[in-house]
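Student: One file is attached below, data17.cif, containing mmCIF, C-alpha atoms and all ligand atoms.
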```cif
data_final
loop_
_atom_site.label_atom_id
_atom_site.label_comp_id
_atom_site.auth_asym_id
_atom_site.auth_seq_id
_atom_site.Cartn_x
_atom_site.Cartn_y
_atom_site.Cartn_z
CA PRO S 989 -0.81 -9.79 16.53
CA TYR S 990 2.54 -11.29 15.49
CA PRO S 991 3.87 -13.81 18.06
CA TYR S 992 6.05 -15.44 15.40
CA PHE S 993 7.79 -12.15 14.62
CA ALA S 994 8.48 -11.61 18.34
CA GLU S 995 10.26 -14.95 18.36
CA LEU S 996 12.27 -14.00 15.29
CA ARG S 997 13.35 -10.67 16.80
CA GLU S 998 14.57 -12.40 19.95
CA LYS S 999 16.00 -15.65 18.65
CA ALA S 1000 16.88 -15.11 14.99
CA PRO S 1001 17.12 -11.43 14.03
CA LEU S 1002 18.76 -12.59 10.78
CA PHE S 1003 16.83 -15.58 9.52
CA TRP S 1004 17.12 -17.53 6.27
CA THR S 1005 13.78 -18.60 4.89
CA LYS S 1006 13.88 -21.36 2.34
CA SER S 1007 10.41 -20.78 0.99
CA LEU S 1008 11.23 -17.28 -0.28
CA GLN S 1009 14.97 -17.84 -0.54
CA ALA S 1010 15.54 -14.65 1.39
CA HIS S 1011 17.30 -13.36 4.50
CA VAL S 1012 14.68 -11.98 6.85
CA LEU S 1013 15.41 -9.05 9.18
CA SER S 1014 12.94 -8.31 11.94
CA ARG S 1015 14.43 -5.78 14.38
CA TYR S 1016 13.58 -2.09 14.04
CA GLU S 1017 17.16 -0.93 13.83
CA ASP S 1018 18.07 -3.42 11.08
CA VAL S 1019 14.93 -2.80 9.02
CA ALA S 1020 15.47 0.96 9.14
CA TYR S 1021 19.14 0.50 8.24
CA VAL S 1022 18.31 -1.46 5.09
CA LEU S 1023 15.70 1.05 3.92
CA LYS S 1024 18.04 3.98 4.62
CA ASN S 1025 20.88 2.54 2.56
CA PRO S 1026 19.76 2.05 -1.06
CA ALA S 1027 23.39 1.79 -2.24
CA LEU S 1028 23.87 -1.34 -0.10
CA PHE S 1029 20.32 -2.62 -0.57
CA SER S 1030 19.07 -2.13 -4.10
CA SER S 1031 15.49 -2.17 -5.40
CA VAL S 1032 16.60 -3.43 -8.83
CA ASP S 1033 16.57 -7.07 -9.96
CA ILE S 1034 15.33 -8.56 -6.71
CA ARG S 1035 14.96 -12.33 -6.74
CA VAL S 1036 11.88 -13.75 -5.04
CA ASN S 1037 11.85 -17.52 -4.64
CA GLY S 1038 15.11 -17.39 -6.57
CA MET S 1039 13.34 -15.90 -9.61
CA ARG S 1040 14.38 -12.60 -11.17
CA PRO S 1041 11.62 -10.13 -12.21
CA GLN S 1042 11.96 -11.12 -15.86
CA ASP S 1043 11.57 -14.82 -14.93
CA ARG S 1044 8.41 -14.09 -13.00
CA ASN S 1045 6.53 -12.71 -15.98
CA GLU S 1046 5.13 -10.18 -13.55
CA LEU S 1047 2.38 -8.34 -15.38
CA GLY S 1048 3.63 -9.40 -18.79
CA GLU S 1049 5.32 -6.62 -20.71
CA LEU S 1050 5.51 -4.47 -17.59
CA SER S 1051 8.12 -6.67 -15.97
CA SER S 1052 10.79 -5.03 -18.09
CA VAL S 1053 9.56 -1.48 -17.44
CA THR S 1054 11.43 0.55 -14.88
CA ASN S 1055 9.20 2.34 -12.41
CA LEU S 1056 9.60 4.13 -9.11
CA VAL S 1057 9.62 1.16 -6.75
CA ASN S 1058 11.91 -1.05 -8.81
CA SER S 1059 14.60 1.56 -9.50
CA ASP S 1060 17.66 2.99 -7.72
CA PRO S 1061 19.23 6.44 -8.03
CA PRO S 1062 19.84 8.16 -10.39
CA ILE S 1063 16.87 6.73 -12.36
CA HIS S 1064 14.66 6.73 -9.27
CA THR S 1065 15.57 10.35 -8.53
CA ARG S 1066 14.51 11.43 -12.02
CA LEU S 1067 11.22 9.48 -11.96
CA ARG S 1068 10.32 10.64 -8.48
CA GLY S 1069 10.95 14.24 -9.56
CA LEU S 1070 8.61 13.79 -12.51
CA VAL S 1071 5.64 12.33 -10.64
CA SER S 1072 5.90 13.91 -7.20
CA ARG S 1073 4.33 17.13 -8.53
CA ALA S 1074 1.05 15.18 -8.81
CA PHE S 1075 1.11 14.40 -5.08
CA LEU S 1076 1.89 17.78 -3.58
CA PRO S 1077 0.16 18.25 -0.20
CA LYS S 1078 -1.90 21.16 -1.53
CA ARG S 1079 -3.27 19.09 -4.43
CA ILE S 1080 -4.12 16.29 -2.03
CA SER S 1081 -5.80 18.47 0.60
CA GLU S 1082 -8.04 19.96 -2.09
CA MET S 1083 -9.50 16.49 -2.53
CA GLU S 1084 -11.01 16.39 0.97
CA PRO S 1085 -14.58 17.43 0.03
CA ARG S 1086 -14.74 14.74 -2.65
CA VAL S 1087 -13.26 12.04 -0.37
CA ARG S 1088 -15.84 12.96 2.26
CA GLU S 1089 -18.76 12.97 -0.18
CA LEU S 1090 -17.77 9.61 -1.59
CA SER S 1091 -17.20 8.07 1.86
CA ARG S 1092 -20.54 9.38 3.10
CA GLY S 1093 -22.38 7.87 0.13
CA LEU S 1094 -20.66 4.51 0.46
CA VAL S 1095 -21.25 4.39 4.23
CA ALA S 1096 -24.95 5.23 3.78
CA GLU S 1097 -25.43 2.59 1.12
CA MET S 1098 -23.48 -0.03 3.04
CA THR S 1099 -25.16 0.49 6.42
CA ALA S 1100 -28.64 0.53 4.86
CA GLN S 1101 -28.38 -3.25 5.11
CA GLY S 1102 -28.32 -4.61 8.64
CA GLU S 1103 -25.33 -6.84 7.93
CA PHE S 1104 -22.72 -5.98 5.38
CA ASP S 1105 -19.20 -6.73 4.22
CA PHE S 1106 -17.16 -3.69 5.20
CA MET S 1107 -14.44 -4.56 2.69
CA ASP S 1108 -16.87 -4.71 -0.18
CA GLY S 1109 -18.96 -1.73 0.92
CA LEU S 1110 -16.29 0.83 1.81
CA ALA S 1111 -12.69 -0.33 2.21
CA SER S 1112 -12.30 -1.56 -1.34
CA PRO S 1113 -14.36 0.88 -3.49
CA LEU S 1114 -13.10 4.06 -1.81
CA PRO S 1115 -9.40 3.96 -2.77
CA VAL S 1116 -9.91 2.65 -6.30
CA THR S 1117 -12.56 5.28 -7.05
CA ILE S 1118 -10.32 8.04 -5.75
CA ILE S 1119 -7.38 6.88 -7.86
CA ALA S 1120 -9.58 6.54 -10.95
CA GLU S 1121 -10.87 10.08 -10.44
CA MET S 1122 -7.40 11.46 -9.74
CA LEU S 1123 -6.00 9.93 -12.90
CA GLY S 1124 -9.00 11.13 -14.88
CA ILE S 1125 -10.27 7.74 -16.04
CA GLU S 1126 -13.45 8.35 -18.00
CA ILE S 1127 -16.71 7.46 -16.22
CA SER S 1128 -17.61 4.93 -18.89
CA ARG S 1129 -14.41 2.97 -18.14
CA ARG S 1130 -14.52 3.09 -14.30
CA ARG S 1131 -15.97 -0.41 -14.00
CA ASP S 1132 -13.25 -1.73 -16.27
CA PHE S 1133 -10.68 0.11 -14.20
CA LYS S 1134 -11.86 -1.59 -10.99
CA ARG S 1135 -11.77 -4.98 -12.73
CA TRP S 1136 -8.24 -4.33 -14.05
CA SER S 1137 -7.16 -3.24 -10.59
CA ASP S 1138 -8.50 -6.38 -8.88
CA SER S 1139 -7.06 -8.59 -11.55
CA LEU S 1140 -3.58 -6.99 -11.48
CA MET S 1141 -3.49 -7.20 -7.70
CA SER S 1142 -4.17 -10.92 -7.57
CA ALA S 1143 -1.87 -11.48 -10.55
CA THR S 1144 1.03 -9.80 -8.73
CA ALA S 1145 0.63 -11.99 -5.66
CA GLU S 1146 0.26 -15.06 -7.86
CA SER S 1147 3.26 -14.33 -10.08
CA LEU S 1148 5.50 -13.68 -7.06
CA ARG S 1149 4.67 -17.17 -5.87
CA THR S 1150 4.60 -19.14 -9.09
CA GLY S 1151 6.25 -16.97 -11.74
CA LYS S 1152 3.08 -17.28 -13.82
CA MET S 1153 0.15 -15.09 -14.62
CA SER S 1154 -3.38 -16.25 -15.39
CA GLU S 1155 -4.91 -15.76 -18.83
CA GLU S 1156 -7.51 -13.46 -17.38
CA ALA S 1157 -4.85 -11.25 -15.77
CA THR S 1158 -2.87 -11.10 -19.00
CA ARG S 1159 -6.02 -10.04 -20.84
CA SER S 1160 -6.81 -7.37 -18.21
CA ALA S 1161 -3.27 -6.02 -18.36
CA GLY S 1162 -3.50 -5.79 -22.16
CA GLU S 1163 -6.82 -3.95 -22.00
CA MET S 1164 -5.55 -1.56 -19.40
CA PHE S 1165 -2.36 -0.77 -21.32
CA ALA S 1166 -4.33 -0.07 -24.48
CA TYR S 1167 -6.70 2.23 -22.64
CA MET S 1168 -3.95 4.08 -20.73
CA LYS S 1169 -2.02 4.75 -23.91
CA GLU S 1170 -5.15 6.04 -25.59
CA ILE S 1171 -6.04 8.38 -22.74
CA ALA S 1172 -2.46 9.63 -22.35
CA GLU S 1173 -2.44 10.59 -26.02
CA LYS S 1174 -5.85 12.31 -25.70
CA ARG S 1175 -4.70 14.33 -22.68
CA ARG S 1176 -1.45 15.26 -24.36
CA LEU S 1177 -3.37 16.85 -27.22
CA GLU S 1178 -6.08 18.29 -24.98
CA PRO S 1179 -5.15 18.57 -21.28
CA LYS S 1180 -7.77 18.56 -18.50
CA GLY S 1181 -7.21 19.15 -14.79
CA ASP S 1182 -6.36 15.51 -14.02
CA LEU S 1183 -3.17 13.68 -13.09
CA ILE S 1184 -2.57 12.12 -16.50
CA SER S 1185 -2.79 15.56 -18.17
CA LEU S 1186 -0.26 16.85 -15.65
CA LEU S 1187 2.16 14.01 -16.33
CA VAL S 1188 2.02 14.18 -20.13
CA GLN S 1189 2.68 17.93 -20.22
CA SER S 1190 6.12 19.35 -19.54
CA SER S 1191 6.14 22.26 -17.11
CA GLU S 1192 8.69 24.55 -15.44
CA GLY S 1193 11.64 22.54 -16.63
CA VAL S 1194 10.03 19.18 -15.71
CA GLU S 1195 9.84 16.87 -18.72
CA ALA S 1196 6.70 15.04 -19.82
CA LEU S 1197 6.14 11.29 -19.39
CA SER S 1198 5.65 9.12 -22.47
CA PRO S 1199 2.35 7.14 -22.80
CA ALA S 1200 4.24 3.95 -21.81
CA GLU S 1201 5.63 5.65 -18.71
CA VAL S 1202 2.17 6.96 -17.81
CA ASN S 1203 0.81 3.45 -18.12
CA SER S 1204 3.54 2.01 -15.94
CA PHE S 1205 2.95 4.68 -13.32
CA ALA S 1206 -0.82 4.11 -13.34
CA VAL S 1207 -0.30 0.39 -12.80
CA LEU S 1208 2.07 1.17 -9.94
CA LEU S 1209 -0.54 3.43 -8.33
CA LEU S 1210 -3.11 0.66 -8.58
CA ILE S 1211 -0.83 -1.91 -7.05
CA ALA S 1212 0.81 0.32 -4.45
CA GLY S 1213 -2.22 2.38 -3.52
CA ASN S 1214 -5.33 0.24 -3.57
CA GLU S 1215 -5.04 -2.89 -1.53
CA THR S 1216 -2.80 -1.14 0.98
CA THR S 1217 -5.41 1.50 1.75
CA THR S 1218 -8.18 -1.11 1.67
CA ASN S 1219 -6.23 -3.17 4.20
CA LEU S 1220 -5.61 -0.17 6.43
CA LEU S 1221 -9.35 0.52 6.63
CA GLY S 1222 -10.13 -3.14 7.30
CA ASN S 1223 -7.40 -3.45 9.92
CA SER S 1224 -8.58 -0.24 11.64
CA LEU S 1225 -12.11 -1.58 12.04
CA LEU S 1226 -10.84 -4.93 13.26
CA ALA S 1227 -8.63 -3.23 15.84
CA LEU S 1228 -11.46 -1.01 17.07
CA ILE S 1229 -13.95 -3.86 17.42
CA ARG S 1230 -11.39 -5.98 19.23
CA HIS S 1231 -10.48 -3.14 21.60
CA PRO S 1232 -13.81 -1.90 23.00
CA GLU S 1233 -12.16 0.66 25.30
CA GLN S 1234 -10.44 2.35 22.38
CA TYR S 1235 -13.62 2.19 20.33
CA GLU S 1236 -15.44 3.85 23.21
CA TRP S 1237 -12.73 6.53 23.41
CA LEU S 1238 -13.22 7.31 19.72
CA ARG S 1239 -17.02 7.30 20.08
CA ASN S 1240 -16.74 9.94 22.80
CA ASN S 1241 -14.65 12.15 20.55
CA PRO S 1242 -14.96 11.21 16.87
CA SER S 1243 -12.89 14.20 15.69
CA ARG S 1244 -10.77 14.21 12.57
CA GLU S 1245 -7.65 14.16 14.80
CA ALA S 1246 -8.84 11.17 16.80
CA CYS S 1247 -9.71 9.28 13.60
CA ALA S 1248 -6.26 10.13 12.25
CA ALA S 1249 -4.71 8.82 15.47
CA VAL S 1250 -6.59 5.52 15.03
CA ALA S 1251 -5.32 5.24 11.44
CA GLU S 1252 -1.72 5.98 12.51
CA GLU S 1253 -1.81 3.47 15.33
CA THR S 1254 -3.35 0.87 13.02
CA LEU S 1255 -0.49 1.47 10.57
CA ARG S 1256 1.87 0.56 13.41
CA TYR S 1257 -0.16 -2.13 15.15
CA ASP S 1258 -1.38 -4.05 12.09
CA SER S 1259 0.62 -2.76 9.14
CA PRO S 1260 -1.00 -3.30 5.71
CA VAL S 1261 2.49 -3.90 4.30
CA VAL S 1262 4.19 -6.71 6.20
CA GLY S 1263 7.55 -6.75 4.46
CA LEU S 1264 9.66 -5.23 1.69
CA MET S 1265 12.34 -6.81 -0.48
CA ARG S 1266 15.81 -5.64 -1.42
CA ARG S 1267 18.96 -7.08 -3.06
CA ALA S 1268 22.24 -6.77 -1.13
CA THR S 1269 24.86 -5.21 -3.41
CA GLN S 1270 27.77 -6.40 -1.24
CA ASP S 1271 28.40 -8.46 1.91
CA VAL S 1272 26.89 -6.63 4.86
CA GLU S 1273 27.14 -7.42 8.60
CA LEU S 1274 23.64 -7.09 10.01
CA GLY S 1275 21.29 -8.69 12.53
CA GLY S 1276 24.19 -10.46 14.18
CA GLY S 1277 25.31 -12.21 11.00
CA LYS S 1278 26.36 -11.73 7.41
CA VAL S 1279 24.04 -10.88 4.54
CA PRO S 1280 25.93 -12.09 1.46
CA ALA S 1281 26.26 -9.98 -1.70
CA GLU S 1282 23.51 -10.60 -4.28
CA SER S 1283 21.17 -12.24 -1.80
CA THR S 1284 17.56 -11.21 -1.30
CA VAL S 1285 16.66 -9.46 1.91
CA MET S 1286 13.16 -9.22 3.28
CA VAL S 1287 12.69 -6.54 5.91
CA LEU S 1288 9.67 -7.09 8.10
CA VAL S 1289 8.28 -3.63 8.68
CA ALA S 1290 5.36 -5.14 10.61
CA SER S 1291 7.85 -6.67 13.02
CA ALA S 1292 9.91 -3.47 13.28
CA ASN S 1293 6.72 -1.65 14.29
CA HIS S 1294 6.38 -4.10 17.20
CA ASP S 1295 9.97 -3.96 18.38
CA PRO S 1296 9.81 -3.05 22.08
CA ARG S 1297 13.23 -1.37 21.69
CA LYS S 1298 11.42 1.30 19.67
CA PHE S 1299 7.76 1.14 20.78
CA PRO S 1300 7.18 0.44 24.47
CA ASN S 1301 4.41 -2.06 25.11
CA PRO S 1302 4.05 -2.76 21.39
CA GLU S 1303 1.22 -5.29 21.67
CA ARG S 1304 -1.07 -2.66 23.12
CA PHE S 1305 -3.34 -0.95 20.56
CA ASP S 1306 -3.30 2.62 21.76
CA PRO S 1307 -4.28 5.47 19.40
CA GLN S 1308 -2.95 7.96 21.94
CA ARG S 1309 0.63 6.73 21.80
CA ASP S 1310 3.49 8.41 19.93
CA THR S 1311 3.68 6.58 16.59
CA ASN S 1312 6.60 8.58 15.25
CA GLY S 1313 9.03 6.35 13.39
CA THR S 1314 6.52 3.74 12.22
CA LEU S 1315 7.91 2.09 9.09
CA SER S 1316 4.64 1.10 7.38
CA PHE S 1317 5.13 3.63 4.57
CA GLY S 1318 8.76 2.62 4.18
CA HIS S 1319 11.67 4.94 4.91
CA GLY S 1320 14.17 7.01 2.96
CA ILE S 1321 14.11 7.59 -0.80
CA HIS S 1322 11.20 5.21 -1.55
CA PHE S 1323 9.00 6.58 1.25
CA CYS S 1324 5.41 6.13 0.10
CA LEU S 1325 4.38 8.81 -2.36
CA GLY S 1326 0.74 8.18 -1.47
CA ALA S 1327 1.14 8.74 2.30
CA PRO S 1328 -0.56 12.17 2.26
CA LEU S 1329 -3.47 10.72 0.28
CA THR S 1330 -3.82 7.81 2.70
CA ARG S 1331 -3.66 10.25 5.62
CA LEU S 1332 -6.60 12.05 4.06
CA GLU S 1333 -8.70 9.04 3.03
CA ALA S 1334 -8.44 6.86 6.12
CA PRO S 1335 -9.38 9.46 8.77
CA VAL S 1336 -12.17 10.94 6.65
CA ALA S 1337 -13.67 7.51 5.94
CA LEU S 1338 -13.46 6.57 9.64
CA GLN S 1339 -15.07 9.83 10.64
CA GLU S 1340 -17.98 9.33 8.26
CA LEU S 1341 -18.38 5.84 9.61
CA MET S 1342 -18.39 7.03 13.24
CA GLU S 1343 -20.98 9.63 12.33
CA ARG S 1344 -23.44 7.18 10.82
CA ALA S 1345 -22.60 3.84 12.43
CA PRO S 1346 -20.68 4.35 15.68
CA ARG S 1347 -21.42 0.91 17.16
CA LEU S 1348 -20.34 -1.77 14.76
CA GLY S 1349 -19.79 -5.34 15.80
CA PHE S 1350 -19.07 -8.63 14.09
CA ALA S 1351 -22.04 -10.01 12.19
CA SER S 1352 -23.29 -13.44 13.06
CA ARG S 1353 -21.65 -14.93 10.00
CA GLN S 1354 -18.22 -13.56 11.02
CA PRO S 1355 -15.91 -16.51 11.54
CA GLU S 1356 -13.74 -16.69 14.65
CA ARG S 1357 -10.66 -16.51 12.52
CA ILE S 1358 -10.31 -13.73 9.99
CA ASP S 1359 -9.51 -14.84 6.47
CA TYR S 1360 -6.59 -12.68 5.44
CA GLY S 1361 -5.65 -12.18 1.78
CA SER S 1362 -3.33 -14.63 0.09
CA SER S 1363 -0.28 -12.39 -0.17
CA PHE S 1364 2.80 -12.86 2.01
CA PHE S 1365 3.71 -9.17 1.96
CA LEU S 1366 0.32 -7.52 2.42
CA ARG S 1367 -2.09 -8.11 5.29
CA GLY S 1368 -5.76 -7.30 5.70
CA PRO S 1369 -9.10 -9.09 5.97
CA ARG S 1370 -10.50 -10.53 2.75
CA SER S 1371 -14.01 -9.92 4.00
CA LEU S 1372 -15.28 -8.35 7.19
CA TRP S 1373 -18.94 -8.93 7.94
CA LEU S 1374 -20.31 -6.40 10.39
CA ARG S 1375 -23.66 -5.33 11.73
C1 LIG S 1401 5.80 3.22 -1.88
C2 LIG S 1401 3.07 1.57 1.76
C3 LIG S 1401 -0.77 3.91 -0.02
C4 LIG S 1401 1.79 5.04 -3.94
C5 LIG S 1401 5.41 2.61 -0.73
C6 LIG S 1401 6.28 1.88 0.17
C7 LIG S 1401 5.50 1.40 1.18
C8 LIG S 1401 4.15 1.84 0.93
C9 LIG S 1401 5.96 0.55 2.34
C10 LIG S 1401 7.80 1.71 0.02
C11 LIG S 1401 8.16 0.62 -0.95
C12 LIG S 1401 9.65 0.31 -0.94
O1 LIG S 1401 10.42 0.93 -0.19
O2 LIG S 1401 10.06 -0.60 -1.68
C13 LIG S 1401 1.81 2.08 1.60
C14 LIG S 1401 0.74 1.91 2.55
C15 LIG S 1401 -0.36 2.57 2.06
C16 LIG S 1401 0.04 3.14 0.78
C17 LIG S 1401 0.84 1.12 3.86
C18 LIG S 1401 -1.73 2.74 2.62
C19 LIG S 1401 -2.10 2.35 3.80
C20 LIG S 1401 -0.41 4.44 -1.23
C21 LIG S 1401 -1.28 5.20 -2.10
C22 LIG S 1401 -0.56 5.50 -3.21
C23 LIG S 1401 0.78 4.94 -3.03
C24 LIG S 1401 -2.71 5.60 -1.77
C25 LIG S 1401 -0.93 6.27 -4.44
C26 LIG S 1401 -2.11 6.62 -4.80
C27 LIG S 1401 3.09 4.65 -3.72
C28 LIG S 1401 4.17 4.83 -4.69
C29 LIG S 1401 5.32 4.30 -4.09
C30 LIG S 1401 4.93 3.81 -2.78
C31 LIG S 1401 4.05 5.46 -6.06
C32 LIG S 1401 6.73 4.23 -4.69
C33 LIG S 1401 7.58 5.35 -4.14
C34 LIG S 1401 9.04 5.23 -4.53
O3 LIG S 1401 9.52 4.11 -4.82
O4 LIG S 1401 9.73 6.27 -4.56
N1 LIG S 1401 4.11 2.58 -0.23
N2 LIG S 1401 1.35 2.82 0.55
N3 LIG S 1401 0.82 4.30 -1.82
N4 LIG S 1401 3.58 4.04 -2.58
FE1 LIG S 1401 2.50 3.52 -0.98
#
```
How does the structure come out when it is put into structure tokens?
Tutor:
Amino acid sequence: PYPYFAELREKAPLFWTKSLQAHVLSRYEDVAYVLKNPALFSSVDIRVNGMRPQDRNELGELSSVTNLVNSDPPIHTRLRGLVSRAFLPKRISEMEPRVRELSRGLVAEMTAQGEFDFMDGLASPLPVTIIAEMLGIEISRRRDFKRWSDSLMSATAESLRTGKMSEEATRSAGEMFAYMKEIAEKRRLEPKGDLISLLVQSSEGVEALSPAEVNSFAVLLLIAGNETTTNLLGNSLLALIRHPEQYEWLRNNPSREACAAVAEETLRYDSPVVGLMRRATQDVELGGGKVPAESTVMVLVASANHDPRKFPNPERFDPQRDTNGTLSFGHGIHFCLGAPLTRLEAPVALQELMERAPRLGFASRQPERIDYGSSFFLRGPRSLWLR
């Protein structure tokens, strides 16, 4: 799906793009090298369009808060140690019955109409509901939580482009911060079994997070975990419908493993995250040229996943291929904390869909060309009308 990236890999593996003011790397080897070397390629103070995080007014007061993705060791190491206990594989696998129940309900409701928007009916509500439940957001505030999530997501894309944030997004961010602080304090005094309770209590030598840190982490989960998973589900359906033989293969064996294989191949074939940013800490020779110290580097993981040097016949969508080494969840110290959760949600949702609606096709109102979201670093359909 990325002819332009193929051209970059062959003709300009190190490419300066004026619009983002960044050096773009597109070959697998170079992308993996950058992600593997956080001392040379920092996650702190990255300029996008020449603007530093504090100039971008990204999410208002949050722009100055250090979190997992925008930190380097040793701060990153400490933060990751504090929150990773909430994402242990055992904790995640215990969520399967709930993910299945929720998926089944959404699929039933969605397919009750002859034509429906898959993004609206399943791909978008599933991840945000799961995160809300994991965090322990009270039922009465779930609608607000979804609104905050949508608003923060569009605000992030907008502020990366323009350095500004809309009034509505600023208001949402304020509401969310107030609520998160309130709930963190409640759970500190009276813990329940949820993620916020876990984070505000110290245990076995692991210190507790402050209400501000809890808030920052919750916002990160919303931004890092929602639209990405939504896009993965949307991209999976698109790939299946556009590859009838593979869809038929899945229909003949809609097992959990086969659904997982479709999700993994979609991660490679049409990665929800197109690129990641870093700041070079010194001059580095890479991609056949020099990346100067202090410049911004954008590594195209979507392109790396299509590098024929790593994945033979990369333009073929083939759930039965070996997808080992796909970079869609990143690589190295920042490797996606939510990968186990995604690897639960996506296959289970696909399986429930195959069970109830194994023969989906584009609805009549589906345009020839899919309208992808407005972000330059995330990719997925904005709407996907099916029947
Ligand atoms: C980090 C992709 C789902 C939470 C990352 C990174 C990528 C990524 C590429 C690395 C960022 C970097 O190196 O700068 C994805 C994709 C997803 C997904 C493609 C789904 C298809 C989730 C979910 C959650 C989550 C469901 C949580 C509920 C995080 C967090 C980090 C992260 C907290 C930061 C880790 C760190 O910096 O140490 N994700 N993600 N992600 N992701 Fe995900």
Student: Which of these residues is nearest to ligand LIG 1401 (chain S), using all atoms listed in the file: S:Ala1327, S:Ala1281, S:Leu1013, S:Ala1074?
Tutor: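 Nearest to ligand LIG 1401 (chain S): S:Ala1327.
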Student: Out of S:Val1279, S:Gly1263, S:Thr1065, S:Pro989, which residue has the shortest atom-to-atom distance to Arg1304 (chain S) when counting only C-alpha atoms?
Tutor: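 Closest to Arg1304 (chain S) of all the choices is S:Pro989.
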Student: Which residue is closest to Arg1297 (chain S)? Choose from S:Ser1014, S:Thr1284, S:Thr1269, S:Ser1139 and count all atoms listed in the file.
Tutor: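 The closest residue to Arg1297 (chain S) is S:Ser1014.
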Student: Between CA of Gly1069 (chain S) and CA of Ser1198 (chain S), measure the distance and give it in Å to one decimal.
Tutor: 14.9 Å
Student: Counting all atoms listed in the file, give me one row per residue of chain S with an atom at most 7 Å from an atom of ligand LIG 1401 (chain S), showing the shortest contact pair and its distance in Å to one decimal, sorted by chain then residue number, as JSON lines.
Tutor:
```
{"residue": "S:Leu1023", "atom": "CA", "partner": "S:LIG1401", "partner_atom": "O1", "distance": 6.7}
{"residue": "S:Ser1031", "atom": "CA", "partner": "S:LIG1401", "partner_atom": "O2", "distance": 6.8}
{"residue": "S:Leu1056", "atom": "CA", "partner": "S:LIG1401", "partner_atom": "O3", "distance": 4.3}
{"residue": "S:Val1057", "atom": "CA", "partner": "S:LIG1401", "partner_atom": "O3", "distance": 3.5}
{"residue": "S:Asn1058", "atom": "CA", "partner": "S:LIG1401", "partner_atom": "O3", "distance": 6.9}
{"residue": "S:His1064", "atom": "CA", "partner": "S:LIG1401", "partner_atom": "O4", "distance": 6.8}
{"residue": "S:Arg1068", "atom": "CA", "partner": "S:LIG1401", "partner_atom": "O4", "distance": 5.9}
{"residue": "S:Pro1115", "atom": "CA", "partner": "S:LIG1401", "partner_atom": "C24", "distance": 7.0}
{"residue": "S:Ile1119", "atom": "CA", "partner": "S:LIG1401", "partner_atom": "C26", "distance": 6.1}
{"residue": "S:Leu1208", "atom": "CA", "partner": "S:LIG1401", "partner_atom": "C31", "distance": 6.1}
{"residue": "S:Leu1209", "atom": "CA", "partner": "S:LIG1401", "partner_atom": "C25", "distance": 4.8}
{"residue": "S:Ala1212", "atom": "CA", "partner": "S:LIG1401", "partner_atom": "N3", "distance": 4.8}
{"residue": "S:Gly1213", "atom": "CA", "partner": "S:LIG1401", "partner_atom": "C21", "distance": 3.3}
{"residue": "S:Asn1214", "atom": "CA", "partner": "S:LIG1401", "partner_atom": "C24", "distance": 6.2}
{"residue": "S:Thr1216", "atom": "CA", "partner": "S:LIG1401", "partner_atom": "C18", "distance": 4.3}
{"residue": "S:Thr1217", "atom": "CA", "partner": "S:LIG1401", "partner_atom": "C18", "distance": 4.0}
{"residue": "S:Asn1219", "atom": "CA", "partner": "S:LIG1401", "partner_atom": "C19", "distance": 6.9}
{"residue": "S:Leu1220", "atom": "CA", "partner": "S:LIG1401", "partner_atom": "C19", "distance": 5.1}
{"residue": "S:Leu1255", "atom": "CA", "partner": "S:LIG1401", "partner_atom": "C17", "distance": 6.8}
{"residue": "S:Ser1259", "atom": "CA", "partner": "S:LIG1401", "partner_atom": "C17", "distance": 6.6}
{"residue": "S:Pro1260", "atom": "CA", "partner": "S:LIG1401", "partner_atom": "C17", "distance": 5.1}
{"residue": "S:Val1261", "atom": "CA", "partner": "S:LIG1401", "partner_atom": "C17", "distance": 5.3}
{"residue": "S:Leu1264", "atom": "CA", "partner": "S:LIG1401", "partner_atom": "O2", "distance": 5.7}
{"residue": "S:Met1265", "atom": "CA", "partner": "S:LIG1401", "partner_atom": "O2", "distance": 6.7}
{"residue": "S:Ser1316", "atom": "CA", "partner": "S:LIG1401", "partner_atom": "C17", "distance": 5.2}
{"residue": "S:Phe1317", "atom": "CA", "partner": "S:LIG1401", "partner_atom": "C9", "distance": 3.9}
{"residue": "S:Gly1318", "atom": "CA", "partner": "S:LIG1401", "partner_atom": "C9", "distance": 3.9}
{"residue": "S:His1319", "atom": "CA", "partner": "S:LIG1401", "partner_atom": "O1", "distance": 6.6}
{"residue": "S:Ile1321", "atom": "CA", "partner": "S:LIG1401", "partner_atom": "O4", "distance": 5.9}
{"residue": "S:His1322", "atom": "CA", "partner": "S:LIG1401", "partner_atom": "O4", "distance": 3.5}
{"residue": "S:Phe1323", "atom": "CA", "partner": "S:LIG1401", "partner_atom": "C10", "distance": 5.2}
{"residue": "S:Cys1324", "atom": "CA", "partner": "S:LIG1401", "partner_atom": "C1", "distance": 3.5}
{"residue": "S:Leu1325", "atom": "CA", "partner": "S:LIG1401", "partner_atom": "C27", "distance": 4.6}
{"residue": "S:Gly1326", "atom": "CA", "partner": "S:LIG1401", "partner_atom": "C22", "distance": 3.4}
{"residue": "S:Ala1327", "atom": "CA", "partner": "S:LIG1401", "partner_atom": "C3", "distance": 5.7}
{"residue": "S:Leu1329", "atom": "CA", "partner": "S:LIG1401", "partner_atom": "C24", "distance": 5.6}
{"residue": "S:Thr1330", "atom": "CA", "partner": "S:LIG1401", "partner_atom": "C24", "distance": 5.1}
```
Student: For a quick check of understanding, using all atoms listed in the file, which of S:Glu1252, S:Glu1201, S:Glu1273, S:Glu1173 has the smallest distance to Tyr1021 (chain S)?
Tutor: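 Ranked by minimum distance to Tyr1021 (chain S), first place goes to S:Glu1273.
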